[in-house]
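my_file13.cif, holding mmCIF, C-alpha atoms:
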data_upload
loop_
_atom_site.label_atom_id
_atom_site.label_comp_id
_atom_site.auth_asym_id
_atom_site.auth_seq_id
_atom_site.Cartn_x
_atom_site.Cartn_y
_atom_site.Cartn_z
CA MET F 1 34.26 -17.60 -43.17
CA THR F 2 33.12 -21.18 -43.70
CA GLN F 3 31.30 -20.91 -46.98
CA PHE F 4 32.30 -23.22 -49.78
CA ASP F 5 30.93 -24.87 -52.87
CA PHE F 6 32.99 -27.25 -54.99
CA GLY F 7 30.83 -26.62 -58.05
CA THR F 8 30.80 -29.24 -60.80
CA ILE F 9 33.26 -32.08 -60.22
CA ASP F 10 35.11 -33.17 -63.36
CA PRO F 11 36.66 -36.59 -62.73
CA ASP F 12 39.06 -36.06 -65.65
CA THR F 13 40.67 -33.02 -64.07
CA LYS F 14 39.97 -33.34 -60.34
CA SER F 15 42.61 -35.40 -58.57
CA GLY F 16 41.95 -37.48 -55.48
CA PRO F 17 43.74 -35.13 -53.05
CA SER F 18 42.03 -32.07 -54.58
CA LEU F 19 38.64 -33.74 -54.35
CA ALA F 20 39.29 -34.65 -50.74
CA ASP F 21 40.17 -31.02 -49.93
CA ASP F 22 36.96 -29.80 -51.60
CA LEU F 23 34.83 -32.31 -49.70
CA MET F 24 36.42 -31.30 -46.38
CA ASP F 25 35.72 -27.62 -47.08
CA GLN F 26 32.13 -28.43 -48.08
CA ARG F 27 31.70 -30.43 -44.88
CA ASP F 28 32.88 -27.45 -42.79
CA ALA F 29 30.44 -25.17 -44.63
CA LEU F 30 27.55 -27.54 -43.93
CA HIS F 31 28.51 -28.01 -40.28
CA THR F 32 28.61 -24.24 -39.68
CA LEU F 33 25.43 -23.55 -41.69
CA HIS F 34 27.35 -21.64 -44.38
CA ARG F 35 28.38 -18.91 -41.95
CA GLY F 36 29.85 -15.76 -43.47
CA ALA F 37 29.65 -11.98 -43.67
CA THR F 38 27.52 -12.09 -46.81
CA ARG F 39 25.09 -14.47 -48.45
CA PRO F 40 26.79 -17.47 -50.09
CA THR F 41 27.09 -17.11 -53.83
CA TYR F 42 25.79 -20.65 -54.29
CA VAL F 43 22.63 -20.05 -52.25
CA GLN F 44 19.39 -21.73 -53.31
CA PRO F 45 15.77 -20.92 -52.34
CA GLY F 46 15.01 -22.45 -48.94
CA MET F 47 18.64 -22.54 -47.84
CA MET F 48 19.46 -21.39 -44.31
CA TRP F 49 22.71 -19.59 -43.55
CA ILE F 50 24.28 -17.48 -40.79
CA GLN F 51 25.40 -13.92 -41.40
CA GLU F 52 28.32 -12.86 -39.21
CA VAL F 53 27.37 -9.27 -38.38
CA SER F 54 29.96 -8.98 -35.58
CA GLY F 55 31.82 -11.06 -33.06
CA THR F 56 28.80 -10.94 -30.73
CA ARG F 57 26.00 -11.15 -33.29
CA TRP F 58 25.05 -13.80 -35.81
CA ASP F 59 21.85 -13.43 -37.82
CA LEU F 60 20.04 -16.62 -38.79
CA MET F 61 18.74 -16.18 -42.35
CA ILE F 62 16.70 -18.17 -44.84
CA PHE F 63 16.89 -17.36 -48.55
CA ILE F 64 13.46 -16.99 -50.18
CA SER F 65 14.16 -15.91 -53.76
CA VAL F 66 16.13 -13.41 -55.79
CA ALA F 67 13.16 -11.05 -55.76
CA LEU F 68 12.38 -11.37 -52.02
CA GLY F 69 15.89 -11.97 -50.74
CA ASP F 70 16.48 -13.32 -47.22
CA LEU F 71 14.12 -13.61 -44.26
CA LYS F 72 15.73 -13.01 -40.88
CA LEU F 73 14.69 -15.64 -38.34
CA GLY F 74 16.56 -14.31 -35.33
CA GLU F 75 19.79 -13.11 -33.75
CA ILE F 76 22.32 -15.20 -31.85
CA ASN F 77 25.05 -13.93 -29.53
CA PRO F 78 27.83 -16.52 -29.88
CA THR F 79 29.52 -15.31 -26.67
CA THR F 80 26.52 -15.54 -24.34
CA GLY F 81 24.23 -17.98 -26.15
CA VAL F 82 21.31 -15.52 -26.07
CA TRP F 83 18.91 -16.01 -28.97
CA ASP F 84 16.42 -13.34 -30.02
CA LEU F 85 13.67 -15.06 -32.02
CA TYR F 86 11.94 -12.99 -34.71
CA VAL F 87 8.16 -13.54 -35.05
CA ARG F 88 6.16 -11.47 -37.58
CA GLY F 89 8.43 -8.48 -37.22
CA GLY F 90 8.64 -8.66 -33.41
CA THR F 91 11.25 -10.30 -31.23
CA PHE F 92 11.39 -12.62 -28.26
CA THR F 93 14.57 -12.60 -26.21
CA GLN F 94 15.82 -16.13 -25.67
CA THR F 95 13.15 -18.78 -25.35
CA PRO F 96 9.75 -17.18 -24.60
CA VAL F 97 8.40 -18.26 -21.22
CA GLY F 98 5.34 -17.22 -19.29
CA PRO F 99 6.16 -14.81 -16.44
CA SER F 100 5.57 -16.09 -12.94
CA SER F 101 5.10 -12.54 -11.63
CA ASP F 102 4.81 -8.98 -12.88
CA PRO F 103 7.71 -8.00 -15.17
CA ALA F 104 10.69 -6.57 -13.34
CA THR F 105 13.40 -6.48 -16.01
CA ASP F 106 13.75 -4.77 -19.37
CA ASP F 107 13.58 -8.14 -21.06
CA ALA F 108 10.37 -9.12 -19.24
CA PHE F 109 8.79 -5.76 -20.00
CA ALA F 110 9.67 -6.14 -23.68
CA ARG F 111 8.14 -9.59 -23.89
CA LYS F 112 4.99 -8.45 -22.06
CA ALA F 113 4.63 -5.42 -24.36
CA TYR F 114 4.93 -7.67 -27.40
CA VAL F 115 2.30 -10.12 -26.12
CA ASP F 116 -0.04 -7.29 -25.09
CA ALA F 117 0.27 -5.74 -28.53
CA LYS F 118 -0.54 -9.03 -30.23
CA VAL F 119 -3.52 -9.67 -27.97
CA GLY F 120 -4.75 -6.14 -28.69
CA THR F 121 -4.96 -6.92 -32.40
CA TYR F 122 -7.41 -9.74 -31.69
CA TYR F 123 -9.34 -8.11 -28.82
CA PRO F 124 -9.31 -4.31 -29.25
CA SER F 125 -9.91 -2.13 -26.20
CA GLY F 126 -13.61 -1.95 -25.37
CA THR F 127 -14.44 -5.43 -26.70
CA THR F 128 -17.03 -7.07 -24.44
CA MET F 129 -17.30 -10.80 -23.77
CA LEU F 130 -19.04 -13.20 -21.40
CA PHE F 131 -17.05 -15.00 -18.71
CA VAL F 132 -18.39 -17.80 -16.51
CA GLN F 133 -16.56 -16.59 -13.40
CA SER F 134 -17.12 -14.01 -10.68
CA ALA F 135 -14.18 -11.72 -11.44
CA ALA F 136 -12.93 -10.37 -14.76
CA PRO F 137 -9.61 -11.81 -15.99
CA THR F 138 -6.46 -9.73 -16.08
CA GLY F 139 -6.70 -7.02 -18.74
CA TRP F 140 -10.50 -6.90 -18.56
CA THR F 141 -12.92 -4.83 -16.46
CA LYS F 142 -16.15 -6.27 -15.08
CA SER F 143 -19.30 -4.41 -16.16
CA THR F 144 -22.11 -3.90 -13.63
CA ALA F 145 -24.55 -2.15 -15.98
CA HIS F 146 -26.72 -5.27 -16.26
CA ASN F 147 -27.80 -7.62 -13.49
CA ASP F 148 -30.31 -10.49 -13.20
CA LYS F 149 -31.19 -10.38 -16.91
CA ALA F 150 -31.53 -12.94 -19.70
CA LEU F 151 -29.68 -12.85 -23.03
CA ARG F 152 -31.48 -12.36 -26.33
CA VAL F 153 -29.97 -13.10 -29.76
CA VAL F 154 -30.86 -10.56 -32.46
CA SER F 155 -29.90 -10.07 -36.09
CA GLY F 156 -29.92 -6.27 -35.93
CA SER F 157 -28.67 -3.65 -33.49
CA VAL F 158 -28.31 -4.74 -29.87
CA SER F 159 -30.34 -3.19 -27.07
CA SER F 160 -31.77 -4.01 -23.65
CA GLY F 161 -35.29 -3.83 -22.22
CA GLY F 162 -37.98 -5.49 -20.15
CA THR F 163 -39.24 -4.75 -16.64
CA LEU F 164 -39.16 -8.10 -14.79
CA ASP F 165 -35.95 -9.53 -13.32
CA PHE F 166 -34.87 -12.98 -14.50
CA SER F 167 -35.11 -14.52 -11.01
CA ALA F 168 -38.61 -13.07 -10.53
CA ALA F 169 -39.88 -14.27 -13.90
CA PHE F 170 -38.54 -17.77 -13.27
CA ALA F 171 -39.37 -18.13 -9.58
CA ALA F 172 -39.60 -21.59 -8.01
CA ALA F 173 -43.33 -21.17 -7.19
CA ARG F 174 -45.17 -18.52 -9.11
CA GLY F 175 -48.97 -18.24 -8.83
CA LEU F 176 -51.31 -16.83 -11.43
CA SER F 177 -54.69 -15.28 -10.65
CA GLY F 178 -57.38 -13.28 -12.43
CA THR F 179 -60.89 -13.46 -13.89
CA VAL F 180 -62.26 -14.77 -17.14
CA GLU F 181 -64.15 -12.45 -19.47
CA ASN F 182 -67.79 -11.60 -18.63
CA THR F 183 -70.54 -13.15 -20.74
CA THR F 184 -74.35 -12.78 -20.90
CA LEU F 185 -76.38 -15.95 -21.44
CA THR F 186 -78.85 -15.93 -24.33
CA GLU F 187 -82.22 -17.72 -24.23
CA SER F 188 -80.83 -20.61 -26.24
CA GLN F 189 -77.99 -20.98 -23.73
CA MET F 190 -80.27 -21.23 -20.67
CA PRO F 191 -81.24 -24.72 -19.39
CA THR F 192 -84.67 -25.96 -20.52
CA HIS F 193 -87.19 -25.21 -17.68
CA TRP F 194 -90.85 -24.35 -17.07
CA HIS F 195 -93.13 -22.79 -14.43
CA SER F 196 -96.58 -24.03 -13.27
CA VAL F 197 -99.58 -21.66 -13.55
CA VAL F 198 -102.64 -22.33 -11.32
CA GLY F 199 -105.99 -20.87 -12.46
CA ILE F 200 -109.72 -21.53 -12.06
CA ALA F 201 -110.99 -24.41 -14.07
CA GLY F 202 -113.83 -24.11 -16.53
CA ASP F 203 -116.17 -25.85 -14.10
CA GLY F 204 -115.62 -23.23 -11.35
CA SER F 205 -113.47 -25.45 -9.08
CA PHE F 206 -110.78 -23.96 -6.86
CA GLY F 207 -107.11 -24.26 -7.28
CA PRO F 208 -104.81 -26.57 -5.31
CA GLY F 209 -105.05 -26.32 -1.53
CA GLY F 210 -108.37 -24.56 -1.56
CA ALA F 211 -106.88 -21.32 -2.81
CA ALA F 212 -109.13 -18.58 -3.98
CA PRO F 213 -110.19 -18.94 -7.57
CA TYR F 214 -108.17 -17.16 -10.26
CA PRO F 215 -109.84 -15.11 -12.92
CA ALA F 216 -110.69 -17.05 -15.98
CA GLY F 217 -108.33 -16.73 -18.88
CA SER F 218 -104.56 -17.17 -19.59
CA SER F 219 -101.77 -15.91 -17.30
CA THR F 220 -97.91 -15.91 -17.01
CA THR F 221 -95.60 -16.22 -14.05
CA GLY F 222 -93.64 -13.28 -12.78
CA ALA F 223 -90.23 -12.75 -14.36
CA THR F 224 -87.08 -13.53 -12.35
CA GLY F 225 -83.37 -12.81 -12.88
CA GLY F 226 -81.57 -9.66 -13.90
CA SER F 227 -79.88 -10.68 -17.18
CA GLN F 228 -76.53 -9.50 -15.74
CA PRO F 229 -73.10 -10.79 -16.85
CA HIS F 230 -71.04 -12.88 -14.46
CA ASN F 231 -67.42 -13.95 -14.18
CA HIS F 232 -65.34 -16.91 -13.01
CA ILE F 233 -62.28 -16.71 -10.78
CA LEU F 234 -59.03 -18.15 -12.21
CA ALA F 235 -56.25 -19.08 -9.78
CA MET F 236 -53.10 -21.23 -10.27
CA ASP F 237 -50.54 -21.80 -7.56
CA ASN F 238 -48.60 -24.81 -8.86
CA LEU F 239 -46.65 -23.17 -11.71
CA ASP F 240 -42.92 -24.01 -11.23
CA MET F 241 -40.74 -21.69 -13.31
CA ALA F 242 -37.38 -22.52 -11.65
CA VAL F 243 -35.46 -23.01 -14.92
CA LYS F 244 -31.83 -24.15 -14.64
CA TYR F 245 -29.22 -21.46 -15.29
CA VAL F 246 -25.50 -20.65 -15.26
CA ASP F 247 -24.33 -17.25 -14.03
CA ALA F 248 -21.90 -15.25 -16.18
CA ILE F 249 -20.42 -11.76 -16.18
CA ILE F 250 -19.84 -9.21 -18.93
CA ALA F 251 -16.33 -7.76 -19.08
CA ALA F 252 -14.72 -5.20 -21.40
CA ARG F 253 -11.16 -5.33 -22.69
CA ASP F 254 -9.03 -2.60 -21.09
#

Give the structure from the file, written as structure tokens.
Amino acid sequence: MTQFDFGTIDPDTKSGPSLADDLMDQRDALHTLHRGATRPTYVQPGMMWIQEVSGTRWDLMIFISVALGDLKLGEINPTTGVWDLYVRGGTFTQTPVGPSSDPATDDAFARKAYVDAKVGTYYPSGTTMLFVQSAAPTGWTKSTAHNDKALRVVSGSVSSGGTLDFSAAFAAARGLSGTVENTTLTESQMPTHWHSVVGIAGDGSFGPGGAAPYPAGSSTTGATGGSQPHNHILAMDNLDMAVKYVDAIIAARD
């Protein structure tokens, strides 16, 4: 045990050799992080100390308060140098490192299980996300339910719909054709025009060109036209709808 506290130093009663012994013991306690089987009696909030559980296990502790006690930060094996780091109730064996391949040891499996569990709390199974890549990342499954569609942002429940594919709606050259609505011209809409009427004059002369004389009196020309509606053809072949885009996939968390 290397725990020690010299308490209050009284210069009237503490001799030089005794003070030196106390300072040496205090130095050893500080250098060994107050290592001992139990918490030091002189502990203060925020103080770190090592609990000697056995010859092969030291627990690194930090004292919080009398009410909360100590928080365990990790375990150290003084014979092998292995350190198990405690993080939010879980442990990492030694220094956590990213695996270069699939886990093949108990230690690697334990670390992978811990990481998977933590990831699962942030992305529960079935969570869907967009990825700008062709294949789903590890731990996700690519969905093929939707293809060649646009995204729509809504404030209510999500759904899907429409009948035209994205690439068809935004084609590089898309023509439009059709007819405008029929309309019937009214008399006021017709151009101003007139028709000549040739008849016998009051003096009995003939009409132009020596035509036979017309009966005396007023006359009208014959009617022409059928008063039918007509339409106009509408055609557009220069509509470029080739909007820029970025492909993405939808993947669900396994």

**OP:** Convert the output of the PyMOL selection byres ((chain F and resi 72) around 12) on the shown file into explicit residues, formatted as number ranges by chain.
**Re:** F: 48-51, 58-64, 68-71, 73-76, 84-91

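Of the listed residues F:His31, F:Arg57, F:Arg39, F:Lys149, the one whose atoms come nearest to F:Ala168 is F:Lys149, with distances taken using only C-alpha atoms.
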
Could you list, as a CSV table (one decimal) with C-alpha atoms, in the frame of the given file, every residue matched by the PyMOL selection byres ((chain F and resi 236) around 10) in this structure?
chain,number,residue,atom,x,y,z
F,174,ARG,CA,-45.2,-18.5,-9.1
F,175,GLY,CA,-49.0,-18.2,-8.8
F,176,LEU,CA,-51.3,-16.8,-11.4
F,177,SER,CA,-54.7,-15.3,-10.6
F,178,GLY,CA,-57.4,-13.3,-12.4
F,234,LEU,CA,-59.0,-18.2,-12.2
F,235,ALA,CA,-56.2,-19.1,-9.8
F,237,ASP,CA,-50.5,-21.8,-7.6
F,238,ASN,CA,-48.6,-24.8,-8.9
F,239,LEU,CA,-46.6,-23.2,-11.7

Original post:
Using all atoms listed in the file, which residues sit within 10 Å of F:Leu164 once same-chain residues fewer than 5 positions away are excluded, as a count of residues only?
Top reply: 4

Report, as AutoDock Vina command-line options, the axis-aligned box around all atoms of stretch 40-55 of chain F present in the file, extended by 6 Å on each side; give centre and edge lengths in Å to one decimal place.
--center_x 23.4 --center_y -15.8 --center_z -43.7 --size_x 28.8 --size_y 25.6 --size_z 33.2

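Among the candidates F:His34, F:Phe166, F:Asp5, F:Val243, the one nearest to F:Leu19 when counting only C-alpha atoms is F:Asp5.
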
**OP:** Figure out the distance between atom CA of F:Arg253 and atom CA of F:Phe109, please, to one decimal in Å.
**Re:** 20.1 Å

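Here atom CA of F:Lys118 and atom CA of F:Asp254 stand 14.0 Å from one another.
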
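Note that atom CA of F:Arg111 and atom CA of F:Val53 are 24.1 Å apart.
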